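Chemist: Structure: run.cif, mmCIF, C-alpha atoms.
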data_structure
loop_
_atom_site.label_atom_id
_atom_site.label_comp_id
_atom_site.auth_asym_id
_atom_site.auth_seq_id
_atom_site.Cartn_x
_atom_site.Cartn_y
_atom_site.Cartn_z
CA MET A 1 0.00 0.00 0.00
CA ARG A 2 1.21 3.53 -0.82
CA VAL A 3 0.87 5.91 2.12
CA LEU A 4 1.30 9.70 1.93
CA ILE A 5 1.83 11.60 5.20
CA LEU A 6 1.08 15.32 5.18
CA GLY A 7 4.13 16.57 7.07
CA LEU A 8 5.86 15.74 10.34
CA GLY A 9 3.73 18.04 12.51
CA SER A 10 4.70 20.11 15.54
CA SER A 11 4.33 17.25 18.04
CA GLY A 12 5.96 14.38 16.15
CA GLY A 13 2.72 12.86 14.85
CA GLY A 14 4.04 12.53 11.30
CA ALA A 15 7.08 10.58 12.41
CA GLU A 16 4.90 8.26 14.52
CA ALA A 17 2.64 7.64 11.51
CA ALA A 18 5.61 6.99 9.21
CA GLU A 19 7.18 4.48 11.60
CA TYR A 20 3.85 2.67 12.03
CA TYR A 21 3.18 2.23 8.31
CA LEU A 22 6.81 1.38 7.53
CA LYS A 23 6.74 -1.44 10.10
CA LEU A 24 3.70 -2.86 8.30
CA GLY A 25 5.72 -3.01 5.07
CA ASN A 26 4.03 -0.10 3.29
CA SER A 27 5.59 2.38 0.88
CA VAL A 28 5.69 5.73 2.73
CA GLU A 29 6.09 9.27 1.35
CA ILE A 30 6.21 12.36 3.58
CA ILE A 31 5.71 15.98 2.55
CA GLY A 32 8.67 17.94 3.93
CA SER A 33 10.89 20.90 3.11
CA SER A 34 14.44 20.40 1.82
CA GLU A 35 15.68 22.35 4.87
CA LYS A 36 14.15 19.79 7.24
CA ARG A 37 15.53 16.95 5.16
CA GLU A 38 19.07 18.24 5.58
CA ASN A 39 18.95 19.32 9.23
CA GLU A 40 16.66 16.98 11.18
CA PRO A 41 18.02 13.69 12.58
CA MET A 42 14.47 12.24 12.60
CA VAL A 43 14.21 12.81 8.85
CA GLN A 44 17.49 11.00 8.30
CA LEU A 45 16.33 8.12 10.53
CA LEU A 46 13.04 7.75 8.64
CA GLU A 47 14.86 7.82 5.30
CA SER A 48 17.18 5.06 6.52
CA GLU A 49 14.04 3.01 7.30
CA GLY A 50 12.67 3.50 3.77
CA ALA A 51 10.57 6.67 3.90
CA VAL A 52 10.78 9.05 0.93
CA PHE A 53 10.53 12.81 1.45
CA ILE A 54 8.89 14.83 -1.31
CA THR A 55 8.51 18.57 -1.82
CA LYS A 56 5.20 20.43 -2.04
CA ASP A 57 5.35 20.81 -5.83
CA LYS A 58 4.92 17.02 -6.09
CA LEU A 59 2.04 16.86 -3.63
CA MET A 60 -0.88 16.36 -6.02
CA ASP A 61 0.93 13.73 -8.05
CA SER A 62 1.61 11.78 -4.84
CA VAL A 63 -2.00 12.23 -3.64
CA GLU A 64 -3.36 10.66 -6.83
CA LYS A 65 -1.02 7.67 -6.51
CA ALA A 66 -1.51 7.14 -2.76
CA ASP A 67 -3.91 4.52 -1.42
CA LEU A 68 -4.02 6.38 1.90
CA VAL A 69 -3.37 10.00 2.93
CA VAL A 70 -2.59 10.56 6.62
CA LYS A 71 -3.55 13.89 8.19
CA ILE A 72 -1.33 15.15 11.03
CA PRO A 73 -2.71 17.25 13.94
CA GLY A 74 -2.36 20.96 13.24
CA VAL A 75 -1.66 20.43 9.52
CA PRO A 76 -4.62 21.55 7.35
CA VAL A 77 -5.67 19.43 4.37
CA PRO A 78 -5.89 21.49 1.14
CA PHE A 79 -9.21 21.30 -0.70
CA LEU A 80 -7.68 19.65 -3.78
CA VAL A 81 -6.15 16.93 -1.57
CA LYS A 82 -9.58 16.19 -0.08
CA LYS A 83 -11.05 16.04 -3.57
CA LYS A 84 -8.38 13.78 -5.12
CA ALA A 85 -7.44 11.48 -2.21
CA LYS A 86 -8.80 7.92 -2.27
CA HIS A 87 -8.96 7.80 1.53
CA ILE A 88 -7.89 10.23 4.27
CA THR A 89 -7.27 9.23 7.89
CA ASN A 90 -5.67 10.54 11.07
CA ASP A 91 -4.22 8.64 14.03
CA ILE A 92 -7.51 8.20 15.93
CA ALA A 93 -9.51 7.32 12.81
CA ALA A 94 -6.86 4.71 11.95
CA LEU A 95 -7.13 3.29 15.47
CA LEU A 96 -10.92 3.02 15.37
CA GLU A 97 -10.93 1.61 11.83
CA ASN A 98 -8.34 -1.05 12.63
CA PRO A 99 -10.04 -4.48 12.32
CA LYS A 100 -8.39 -5.64 15.56
CA THR A 101 -10.35 -3.03 17.56
CA GLU A 102 -13.64 -4.42 16.22
CA ARG A 103 -13.65 -7.12 18.91
CA MET A 104 -12.76 -4.63 21.67
CA HIS A 105 -14.90 -2.31 23.78
CA ARG A 106 -14.40 1.13 22.19
CA ILE A 107 -14.74 3.96 24.70
CA ILE A 108 -14.26 7.67 23.93
CA ILE A 109 -13.64 10.26 26.64
CA ALA A 110 -14.21 13.79 25.31
CA GLY A 111 -14.66 17.30 26.67
CA SER A 112 -12.59 20.36 27.56
CA LYS A 113 -11.00 19.16 30.83
CA GLY A 114 -10.55 16.10 33.02
CA LYS A 115 -10.15 13.71 30.08
CA THR A 116 -6.76 12.24 30.98
CA SER A 117 -7.61 11.62 34.63
CA THR A 118 -10.89 9.95 33.60
CA ALA A 119 -9.31 7.75 30.92
CA SER A 120 -6.43 6.78 33.21
CA ALA A 121 -8.71 5.87 36.15
CA LEU A 122 -11.01 3.93 33.81
CA ALA A 123 -8.17 1.94 32.22
CA ASN A 124 -6.68 1.13 35.63
CA ALA A 125 -10.02 -0.05 37.08
CA LEU A 126 -10.91 -2.15 34.03
CA ASN A 127 -7.55 -3.91 34.22
CA ALA A 128 -8.19 -4.59 37.92
CA LEU A 129 -11.54 -6.12 36.89
CA GLY A 130 -9.86 -8.45 34.40
CA ILE A 131 -10.63 -6.38 31.28
CA ARG A 132 -7.32 -5.73 29.52
CA ALA A 133 -7.61 -2.04 28.67
CA ALA A 134 -5.30 0.47 27.04
CA PHE A 135 -5.88 4.16 26.52
CA SER A 136 -4.66 6.59 23.90
CA GLU A 137 -3.94 10.06 25.25
CA GLY A 138 -5.04 13.23 23.49
CA LEU A 139 -3.20 16.25 22.09
CA GLY A 140 0.56 15.93 22.00
CA TYR A 141 0.45 12.13 21.75
CA SER A 142 -0.16 9.93 18.74
CA ALA A 143 -2.57 6.99 18.65
CA PHE A 144 -0.07 5.28 16.33
CA HIS A 145 1.80 4.26 19.52
CA LEU A 146 -1.20 2.27 20.65
CA LEU A 147 -1.79 0.96 17.14
CA SER A 148 1.72 -0.49 17.11
CA ASP A 149 0.91 -2.35 20.34
CA ILE A 150 -2.37 -3.61 18.89
CA GLU A 151 -0.60 -4.93 15.78
CA ASN A 152 1.73 -6.86 18.10
CA ASP A 153 -0.06 -10.14 18.82
CA ASP A 154 1.72 -10.32 22.20
CA LYS A 155 -0.22 -7.23 23.34
CA LEU A 156 -3.86 -8.34 23.58
CA TYR A 157 -6.52 -5.88 24.72
CA ASP A 158 -10.22 -6.25 25.49
CA ALA A 159 -10.92 -2.51 25.51
CA VAL A 160 -9.46 0.65 23.99
CA ILE A 161 -10.07 4.03 25.64
CA VAL A 162 -9.52 7.10 23.47
CA GLU A 163 -9.11 10.54 25.03
CA MET A 164 -10.16 13.31 22.62
CA SER A 165 -10.39 17.07 22.66
CA MET A 166 -13.36 18.52 20.79
CA TYR A 167 -10.94 19.63 18.06
CA GLN A 168 -9.85 16.01 17.68
CA VAL A 169 -13.47 14.86 17.54
CA LYS A 170 -14.13 17.22 14.64
CA ASP A 171 -10.86 16.35 12.91
CA THR A 172 -11.51 12.61 13.24
CA ALA A 173 -15.13 12.93 12.11
CA SER A 174 -13.89 14.65 8.95
CA SER A 175 -11.28 11.91 8.37
CA LEU A 176 -14.00 9.26 8.78
CA GLY A 177 -16.39 11.03 6.43
CA TYR A 178 -18.72 11.76 9.38
CA THR A 179 -19.60 8.08 9.71
CA TRP A 180 -17.95 6.55 12.77
CA PRO A 181 -17.18 2.91 13.55
CA ARG A 182 -19.10 1.43 16.50
CA ILE A 183 -18.55 3.36 19.75
CA ASP A 184 -19.69 1.42 22.81
CA ILE A 185 -19.48 4.35 25.23
CA ALA A 186 -19.00 8.06 24.53
CA ALA A 187 -18.42 9.84 27.86
CA ILE A 188 -18.32 13.63 28.12
CA THR A 189 -16.42 15.19 31.03
CA ASP A 190 -17.99 18.65 31.08
CA THR A 191 -19.48 20.29 27.99
CA ILE A 192 -19.82 19.80 24.24
CA PRO A 193 -21.28 21.78 21.34
CA ILE A 194 -24.75 20.30 20.75
CA PRO A 195 -25.63 19.98 17.04
CA ALA A 196 -28.76 21.88 16.05
CA SER A 197 -30.37 18.85 14.43
CA PRO A 198 -29.70 15.25 13.34
CA THR A 199 -28.60 16.60 9.94
CA ASP A 200 -25.90 18.87 11.44
CA ILE A 201 -22.99 16.48 10.86
CA THR A 202 -20.12 18.96 10.62
CA SER A 203 -20.05 20.34 14.18
CA GLU A 204 -17.80 18.98 16.95
CA GLY A 205 -20.83 17.23 18.39
CA SER A 206 -21.33 15.15 15.24
CA LEU A 207 -19.82 12.13 17.02
CA PHE A 208 -23.00 11.77 19.08
CA ILE A 209 -25.56 11.91 16.26
CA GLY A 210 -25.37 8.53 14.56
CA PRO A 211 -26.46 5.03 15.47
CA TRP A 212 -22.82 4.08 16.07
CA VAL A 213 -22.97 5.37 19.69
CA HIS A 214 -24.44 2.67 21.93
CA LYS A 215 -24.33 4.66 25.19
CA LEU A 216 -23.75 8.38 25.78
CA ILE A 217 -22.83 9.50 29.32
CA ILE A 218 -22.99 13.26 29.82
CA PRO A 219 -23.37 15.78 32.68
CA ARG A 220 -26.96 16.11 33.86
CA PHE A 221 -27.22 19.75 32.76
CA LEU A 222 -26.55 18.69 29.16
CA ARG A 223 -28.89 15.71 29.07
CA GLU A 224 -32.13 17.64 28.59
CA LYS A 225 -30.57 19.84 25.95
CA MET A 226 -29.29 16.78 24.10
CA LEU A 227 -32.67 15.06 24.23
CA PHE A 228 -34.49 18.26 23.17
CA SER A 229 -32.36 18.46 20.01
CA GLY A 230 -33.68 15.07 18.97
CA ILE A 231 -30.31 13.85 17.75
CA ILE A 232 -30.16 10.71 19.92
CA PRO A 233 -32.78 8.38 21.47
CA LYS A 234 -33.52 8.84 25.19
CA ALA A 235 -32.57 5.24 26.02
CA LYS A 236 -28.99 5.86 24.88
CA VAL A 237 -28.36 8.94 27.04
CA LYS A 238 -27.38 8.76 30.71
CA GLY A 239 -26.80 11.79 32.89
CA PHE A 240 -24.15 11.81 35.60
CA PRO A 241 -23.44 11.73 38.47
CA SER A 242 -26.03 9.10 39.31
CA ILE A 243 -27.46 9.01 42.84
CA SER A 244 -25.48 5.88 43.75
CA ASN A 245 -22.12 7.20 42.51
CA PRO A 246 -19.74 7.17 45.54
CA TYR A 247 -17.20 9.42 43.79
CA LYS A 248 -19.30 12.55 43.21
CA ASN A 249 -17.17 15.61 42.43
CA LYS A 250 -13.98 13.54 42.41
CA ALA A 251 -12.15 14.40 39.19
CA GLY A 252 -11.65 11.48 36.85
CA THR A 253 -13.00 8.75 39.10
CA GLU A 254 -16.56 10.10 39.04
CA LEU A 255 -17.09 9.63 35.29
CA ALA A 256 -14.90 6.51 35.11
CA TRP A 257 -17.23 4.86 37.68
CA GLU A 258 -20.25 5.68 35.49
CA CYS A 259 -18.58 4.11 32.43
CA ILE A 260 -17.87 0.86 34.26
CA ARG A 261 -21.42 0.71 35.65
CA ALA A 262 -22.69 1.14 32.07
CA MET A 263 -20.65 -1.96 31.17
CA GLY A 264 -22.63 -3.97 33.71
CA PHE A 265 -20.20 -4.37 36.61
CA ARG A 266 -21.47 -4.46 40.19
CA ARG A 267 -20.88 -1.50 42.51
CA LYS A 268 -18.84 -3.43 45.07
CA ASP A 269 -16.54 -4.81 42.35
CA ILE A 270 -15.99 -1.34 40.89
CA ASP A 271 -15.19 0.16 44.29
CA LYS A 272 -12.66 -2.59 44.93
CA ALA A 273 -11.05 -1.99 41.51
CA PHE A 274 -10.60 1.73 42.21
CA ARG A 275 -8.65 1.07 45.41
CA SER A 276 -5.54 0.21 43.37
CA TYR A 277 -5.56 3.50 41.44
CA ARG A 278 -2.56 5.71 42.23
CA GLY A 279 -2.96 8.48 39.67
CA ILE A 280 -1.99 8.93 36.03
CA PRO A 281 1.02 6.76 35.16
CA ASN A 282 3.97 8.60 33.59
CA ARG A 283 2.45 11.98 34.50
CA LEU A 284 4.18 13.41 37.59
CA GLU A 285 3.80 9.97 39.15
CA LEU A 286 5.40 9.60 42.59
CA VAL A 287 7.21 6.26 42.37
CA ALA A 288 8.98 6.18 45.75
CA VAL A 289 10.60 8.22 48.52
CA SER A 290 13.92 7.15 50.03
CA ASP A 291 16.48 9.08 52.13
CA GLY A 292 14.32 12.17 51.71
CA ILE A 293 14.58 11.87 47.91
CA SER A 294 11.33 11.70 45.90
CA PHE A 295 11.50 9.81 42.60
CA ILE A 296 8.97 11.23 40.13
CA ASN A 297 8.10 9.65 36.77
CA ASP A 298 7.05 12.17 34.12
CA SER A 299 7.95 10.00 31.12
CA SER A 300 4.94 11.23 29.11
CA SER A 301 6.66 14.62 28.95
CA VAL A 302 7.67 14.60 25.28
CA LEU A 303 7.72 18.37 24.62
CA PRO A 304 9.78 21.21 26.16
CA LEU A 305 6.58 22.89 27.41
CA SER A 306 5.82 19.80 29.52
CA VAL A 307 9.23 19.94 31.21
CA SER A 308 8.75 23.61 32.08
CA PHE A 309 5.29 22.89 33.52
CA SER A 310 6.60 20.02 35.66
CA MET A 311 9.53 22.02 36.99
CA LYS A 312 7.31 24.98 37.92
CA GLY A 313 5.42 22.81 40.37
CA MET A 314 8.65 21.91 42.19
CA LYS A 315 10.08 25.35 42.90
CA GLY A 316 11.77 25.56 46.25
CA THR A 317 12.95 21.93 46.22
CA PRO A 318 16.24 20.90 44.56
CA VAL A 319 15.47 18.94 41.36
CA HIS A 320 17.85 16.47 39.73
CA LEU A 321 16.52 16.31 36.19
CA ILE A 322 16.76 13.28 33.88
CA ILE A 323 16.16 14.64 30.39
CA GLY A 324 16.71 13.82 26.72
CA GLY A 325 15.72 11.28 24.11
CA THR A 326 14.48 11.35 20.52
CA ASP A 327 13.71 14.71 18.91
CA LYS A 328 10.72 14.31 16.60
CA THR A 329 9.53 17.90 16.67
CA ASN A 330 12.63 19.81 15.53
CA THR A 331 12.94 21.27 19.03
CA ASP A 332 14.90 24.45 19.51
CA ALA A 333 17.25 23.45 22.34
CA ALA A 334 17.01 27.00 23.72
CA GLU A 335 13.35 26.30 24.63
CA LEU A 336 14.67 24.07 27.42
CA MET A 337 17.06 26.63 28.91
CA GLY A 338 14.63 27.55 31.71
CA PRO A 339 14.30 24.07 33.26
CA LEU A 340 17.93 23.19 32.44
CA ASP A 341 19.14 26.24 34.33
CA GLU A 342 16.78 25.64 37.29
CA ALA A 343 17.81 22.00 37.82
CA VAL A 344 20.48 21.27 40.44
CA SER A 345 21.91 18.49 38.26
CA LEU A 346 21.33 17.15 34.76
CA THR A 347 21.43 13.53 33.66
CA LEU A 348 21.02 12.99 29.91
CA LEU A 349 19.34 10.02 28.24
CA ALA A 350 20.87 9.18 24.85
CA GLY A 351 19.10 10.40 21.71
CA SER A 352 18.94 13.08 19.05
CA LEU A 353 17.58 15.74 21.44
CA SER A 354 20.50 15.14 23.81
CA ASP A 355 22.86 15.56 20.86
CA LYS A 356 21.32 19.01 20.39
CA LEU A 357 21.47 19.86 24.10
CA ILE A 358 25.14 19.01 24.70
CA PRO A 359 26.62 21.95 22.67
CA LEU A 360 24.16 24.33 24.39
CA LEU A 361 25.02 23.04 27.87
CA ARG A 362 28.75 23.37 27.19
CA ARG A 363 28.29 26.87 25.81
CA GLU A 364 26.28 27.94 28.88
CA GLY A 365 28.69 26.25 31.30
CA LEU A 366 26.07 23.85 32.69
CA ARG A 367 27.45 20.54 33.95
CA PHE A 368 25.78 17.28 32.97
CA SER A 369 26.28 13.52 33.10
CA GLY A 370 25.75 11.09 30.23
CA PRO A 371 24.19 10.65 27.79
CA PHE A 372 23.21 7.19 29.09
CA THR A 373 21.67 4.49 26.92
CA SER A 374 20.22 2.56 29.89
CA MET A 375 17.72 3.77 32.47
CA LYS A 376 19.61 1.87 35.18
CA ASP A 377 22.74 3.96 34.64
CA ALA A 378 20.73 7.19 34.48
CA VAL A 379 18.85 6.49 37.72
CA GLN A 380 21.98 5.43 39.60
CA ASN A 381 23.83 8.55 38.44
CA ALA A 382 20.99 10.89 39.45
CA TYR A 383 20.66 9.15 42.82
CA ALA A 384 24.38 9.40 43.59
CA THR A 385 24.32 13.07 42.64
CA ALA A 386 21.27 13.75 44.83
CA LEU A 387 22.88 12.03 47.84
CA ASP A 388 26.05 14.03 47.35
CA HIS A 389 24.07 17.28 47.09
CA GLN A 390 22.18 16.45 50.32
CA GLY A 391 25.49 15.98 52.10
CA GLY A 392 24.01 13.37 54.42
CA ARG A 393 21.50 15.82 55.92
CA ASP A 394 18.34 14.04 54.66
CA ASN A 395 17.08 17.28 53.09
CA PRO A 396 14.11 16.95 50.67
CA GLU A 397 15.29 16.48 47.10
CA ILE A 398 13.60 15.34 43.86
CA ILE A 399 14.81 13.10 41.06
CA LEU A 400 12.55 13.93 38.12
CA LEU A 401 12.37 11.94 34.89
CA SER A 402 10.93 14.53 32.49
CA PRO A 403 12.63 13.89 29.14
CA GLY A 404 11.03 16.56 26.94
CA ALA A 405 11.49 14.11 24.07
CA TYR A 406 10.22 10.86 22.62
CA ALA A 407 11.80 7.54 23.57
CA ASP A 408 12.32 5.61 20.34
CA GLU A 409 16.11 5.35 20.22
CA CYS A 410 16.50 3.52 23.54
CA PHE A 411 12.96 2.31 24.39
CA THR A 412 9.90 1.05 22.54
CA ASN A 413 7.90 4.11 23.59
CA GLU A 414 7.33 6.57 26.46
CA PHE A 415 5.32 3.99 28.43
CA GLU A 416 8.18 1.49 28.41
CA ARG A 417 10.55 4.31 29.39
CA GLY A 418 8.37 5.11 32.41
CA SER A 419 8.11 1.42 33.29
CA GLU A 420 11.91 1.09 33.19
CA PHE A 421 12.24 4.11 35.48
CA ARG A 422 9.84 2.55 38.01
CA LYS A 423 11.66 -0.77 37.86
CA GLU A 424 15.13 0.72 38.33
CA VAL A 425 14.01 2.99 41.20
CA LYS A 426 12.43 0.08 43.06
CA TYR A 427 15.50 -2.10 42.44
CA LEU A 428 17.81 0.68 43.67
CA ILE A 429 15.81 1.10 46.89
CA SER A 430 15.52 -2.64 47.54
CA GLU A 431 19.29 -3.07 47.08
CA LYS A 432 19.99 -0.19 49.45
#
Please express what this file holds, its structure, as structure tokens.
Modeler:
Amino acid sequence: MRVLILGLGSSGGGAEAAEYYLKLGNSVEIIGSSEKRENEPMVQLLESEGAVFITKDKLMDSVEKADLVVKIPGVPVPFLVKKKAKHITNDIAALLENPKTERMHRIIIAGSKGKTSTASALANALNALGIRAAFSEGLGYSAFHLLSDIENDDKLYDAVIVEMSMYQVKDTASSLGYTWPRIDIAAITDTIPIPASPTDITSEGSLFIGPWVHKLIIPRFLREKMLFSGIIPKAKVKGFPSISNPYKNKAGTELAWECIRAMGFRRKDIDKAFRSYRGIPNRLELVAVSDGISFINDSSSVLPLSVSFSMKGMKGTPVHLIIGGTDKTNTDAAELMGPLDEAVSLTLLAGSLSDKLIPLLRREGLRFSGPFTSMKDAVQNAYATALDHQGGRDNPEIILLSPGAYADECFTNEFERGSEFRKEVKYLISEK
């Protein structure tokens, strides 16, 4: 199959798409400037794997030859491309259209806030109940990660949970031609634009119009408005929180509980499943505390903005930062100067972003260790540095894994990177 990818995108989505389709043995072309082709390590890596970069003047010729055109978040699709393309998809549409998800529970979590905490709590509880669930995070992350796992027969799932912003709902609806695959549960965290009528298929709320939605769970204040519009039968719509919900006003868990009840599980089993939930994995996740040192896993931090956000919440406590990895977004290393300068020590993970950071760190006179290709070496180095900085006084310190980059050069993905961090921290503490 010939696949055309419309650029690399600002958050690495194009590279994720290219790697996914290349692994499946497809012919892959990517629209990209000659400047990017010469200067970006990710471009060179994709070319070594078989991808072909083409310039914009060859776009329409490639569109006509392609069996599939892949839209990247933030990259608009020209009108002529829409007209000439045989089939257009994006990462979430490709996930939902994949035949292997047909046998799974498909659950969408949408809204303007609280999506990640809901999807994370839901996935954790379902796994505790014996339903093997995985969730695909929203903006800044590509569903092609999860698709790669699904294509791997060793990774078997019973349910897939997709977190979507309303922009992604509209973008995916367009990619699917406004006809969605079966959605078992569509759960809305707070508010959505309600279509004016059942024929209004182009608004963000178009997901909820068709017969593909088996159960819609929405805040009570929206339920009457939704029913009044006549776009969905009353039997399909459930308002929350229900009277028996024990997690009222508890972010994430409240709506996750409603989703599991809609799947038919008993209340006491759900409550038991939620007891094991410890927060969003790989998002400022406290792994352990030892000798006054807190080990925090922020492996899902794949952009410089995420590192800055994480560091801001730790002001006043010395932070030993583990950073670096694969640069898929053509990051300007200077964007990381704030957190790099604030950190007490820097431990680099090997990868193309670290290759960019090293000249900057040397120029600014900032000391660093690494780059390390193994998480074990990185954790041990950061721990030794933190102990030395404490000087035996048991002062509070933080070791923060917040890479600001993707993980591909040393790990399968960001989730494996976070798992390795947890494993090495626990091993280090047990050995001590």
Chemist: Distance CA of Val43 in chain A-CA of Arg363 in chain A, one decimal place?
Modeler: 26.1 Å
Chemist: Quick one: apply the PyMOL selection byres ((chain A and resi 262) around 12) to the file and drop the selected residues here as a PyMOL selection string.
Modeler: chain A and resi 105+107+184-187+214-217+236-240+242+255-261+263-267+270
Chemist: Evaluate the PyMOL selection byres ((chain A and resi 169-178) around 6) on the structure here and hand back the selected residues as a list of chain:residue names.
Modeler: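 Here the PyMOL selection byres ((chain A and resi 169-178) around 6) matches A:Ile88, A:Thr89, A:Ala93, A:Met166, A:Tyr167, A:Gln168, A:Thr179, A:Glu204.
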Chemist: Excluding Val319 in chain A and residues on its chain fewer than 5 positions from it, collect all residues at most 6 Å away from it, counting all atoms listed in the file, and give them as a ChimeraX atom specification.
Modeler: /A:343-344,398-399
Chemist: If you measure from CA of Glu420 in chain A to CA of Asp298 in chain A, what distance in Å do you get, rounded to one decimal?
Modeler: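 CA of Asp298 in chain A lies at a distance of 12.1 Å from CA of Glu420 in chain A.
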Chemist: Counting only C-alpha atoms, figure out which residue out of A:Leu321, A:Val162, A:Ile5, A:Ala334 gets nearest to Ala143 in chain A.
Modeler: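 Among the listed residues, the smallest separation from Ala143 in chain A belongs to A:Val162.
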Chemist: Suppose you want the space between CA of Ala407 in chain A and CA of Lys100 in chain A; what is it in Å?
Modeler: 25.4 Å
Chemist: For the structure provided, state which residues fall under the PyMOL selection byres ((chain A and resi 275) around 12), and present them as a PyMOL selection string.
Modeler: chain A and resi 121+124-125+128-129+253+268-274+276-279
Chemist: Ranking A:Glu64, A:Glu424, A:Glu29, A:Glu47 by minimum distance to Val287 in chain A and counting all atoms listed in the file, which one comes first?
Modeler: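 The answer is A:Glu424, which sits nearest to Val287 in chain A.
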Chemist: Out of A:Ser142, A:Thr412, A:Thr101, A:Ser354, which residue has the shortest atom-to-atom distance to Leu156 in chain A when counting only C-alpha atoms?
Modeler: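 Of A:Ser142, A:Thr412, A:Thr101, A:Ser354, the one nearest Leu156 in chain A, counting only C-alpha atoms, is A:Thr101.
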Chemist: Would you pick out the contacts of Ala51 in chain A at 8 Å or less, using all atoms listed in the file, so that residues sharing its chain but fewer than 5 positions from it are not included, and give the list as a PDB file with C-alpha atoms, in the frame of the given file?
Modeler:
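Result went into result-v4.pdb, see below:
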ATOM      1  CA  ALA A  18       5.610   6.990   9.210  1.00  0.00           C
ATOM      2  CA  LEU A  22       6.810   1.380   7.530  1.00  0.00           C
ATOM      3  CA  SER A  27       5.590   2.380   0.880  1.00  0.00           C
ATOM      4  CA  VAL A  28       5.690   5.730   2.730  1.00  0.00           C
ATOM      5  CA  GLU A  29       6.090   9.270   1.350  1.00  0.00           C
ATOM      6  CA  ILE A  30       6.210  12.360   3.580  1.00  0.00           C
ATOM      7  CA  LEU A  46      13.040   7.750   8.640  1.00  0.00           C
TER       8      LEU A  46
END
Chemist: Considering all atoms listed in the file, can you say which of A:Glu254, A:Glu16, A:Glu414, A:Glu49 comes closest to Ser300 in chain A?
Modeler: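 When distances to Ser300 in chain A are compared using all atoms listed in the file, the smallest one comes from A:Glu414.
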Chemist: Could you pull out every residue with an atom within 12 Å of (-0.4, 14.0, -5.7), file coordinates, counting only C-alpha atoms, and send them as a PyMOL selection string?
Modeler: chain A and resi 2-6+29-31+54-69+78+80-86
Chemist: Have a look at A:Gly114, A:Gly404, A:Gly370, A:Pro181 and name the one nearest to Thr329 in chain A; count all atoms listed in the file.
Modeler: A:Gly404
Chemist: Show which residues sit within 7 Å of range 387-397 of chain A, as a PDB file with C-alpha atoms, in the frame of the given file. Count only C-alpha atoms, and ignore same-chain residues fewer than 4 positions away.
Modeler:
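Dumped to out_10.pdb:
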ATOM      1  CA  ASP A 291      16.480   9.080  52.130  1.00  0.00           C
ATOM      2  CA  GLY A 292      14.320  12.170  51.710  1.00  0.00           C
ATOM      3  CA  ILE A 293      14.580  11.870  47.910  1.00  0.00           C
ATOM      4  CA  SER A 294      11.330  11.700  45.900  1.00  0.00           C
ATOM      5  CA  THR A 317      12.950  21.930  46.220  1.00  0.00           C
ATOM      6  CA  PRO A 318      16.240  20.900  44.560  1.00  0.00           C
ATOM      7  CA  VAL A 319      15.470  18.940  41.360  1.00  0.00           C
ATOM      8  CA  TYR A 383      20.660   9.150  42.820  1.00  0.00           C
TER       9      TYR A 383
END
Chemist: Which residue gives the smallest distance to Gly252 in chain A among A:Ala159, A:Ser120, A:Phe53, A:Asp149, with all atoms listed in the file counted?
Modeler: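 With all atoms listed in the file as the atom set, the closest residue is A:Ser120.
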Chemist: With a distance cut-off of 10 Å and all atoms listed in the file, select the neighbouring residues of Glu364 in chain A, excluding the residue or stretch itself and same-chain residues fewer than 4 positions from it, and output the selection as a list of chain:residue names.
Modeler: A:Met337, A:Asp341, A:Ile358, A:Pro359, A:Leu360
Chemist: Residues within 9 Å of Ala333 in chain A, please, as a VMD selection string. Count all atoms listed in the file; anything in the same chain fewer than 5 positions from it doesn't count.
Modeler: chain A and resid 304 353 356 to 357 360
Chemist: Output range 89-96 of chain A with N, CA and C atoms present, as a PDB file, keeping the file's coordinate frame.
Modeler:
ATOM      1  N   THR A  89      -7.099   9.650   6.497  1.00  0.00           N
ATOM      2  CA  THR A  89      -7.270   9.230   7.890  1.00  0.00           C
ATOM      3  C   THR A  89      -6.396  10.087   8.786  1.00  0.00           C
ATOM      4  N   ASN A  90      -6.611   9.995  10.091  1.00  0.00           N
ATOM      5  CA  ASN A  90      -5.670  10.540  11.070  1.00  0.00           C
ATOM      6  C   ASN A  90      -5.380   9.427  12.075  1.00  0.00           C
ATOM      7  N   ASP A  91      -4.629   9.714  13.118  1.00  0.00           N
ATOM      8  CA  ASP A  91      -4.220   8.640  14.030  1.00  0.00           C
ATOM      9  C   ASP A  91      -5.405   7.970  14.725  1.00  0.00           C
ATOM     10  N   ILE A  92      -6.378   8.778  15.198  1.00  0.00           N
ATOM     11  CA  ILE A  92      -7.510   8.200  15.930  1.00  0.00           C
ATOM     12  C   ILE A  92      -8.449   7.459  14.985  1.00  0.00           C
ATOM     13  N   ALA A  93      -8.675   8.019  13.793  1.00  0.00           N
ATOM     14  CA  ALA A  93      -9.510   7.320  12.810  1.00  0.00           C
ATOM     15  C   ALA A  93      -8.874   5.975  12.446  1.00  0.00           C
ATOM     16  N   ALA A  94      -7.553   5.966  12.272  1.00  0.00           N
ATOM     17  CA  ALA A  94      -6.860   4.710  11.950  1.00  0.00           C
ATOM     18  C   ALA A  94      -7.003   3.699  13.076  1.00  0.00           C
ATOM     19  N   LEU A  95      -6.963   4.172  14.324  1.00  0.00           N
ATOM     20  CA  LEU A  95      -7.130   3.290  15.470  1.00  0.00           C
ATOM     21  C   LEU A  95      -8.528   2.672  15.495  1.00  0.00           C
ATOM     22  N   LEU A  96      -9.541   3.510  15.308  1.00  0.00           N
ATOM     23  CA  LEU A  96     -10.920   3.020  15.370  1.00  0.00           C
ATOM     24  C   LEU A  96     -11.284   2.153  14.177  1.00  0.00           C
TER      25      LEU A  96
END
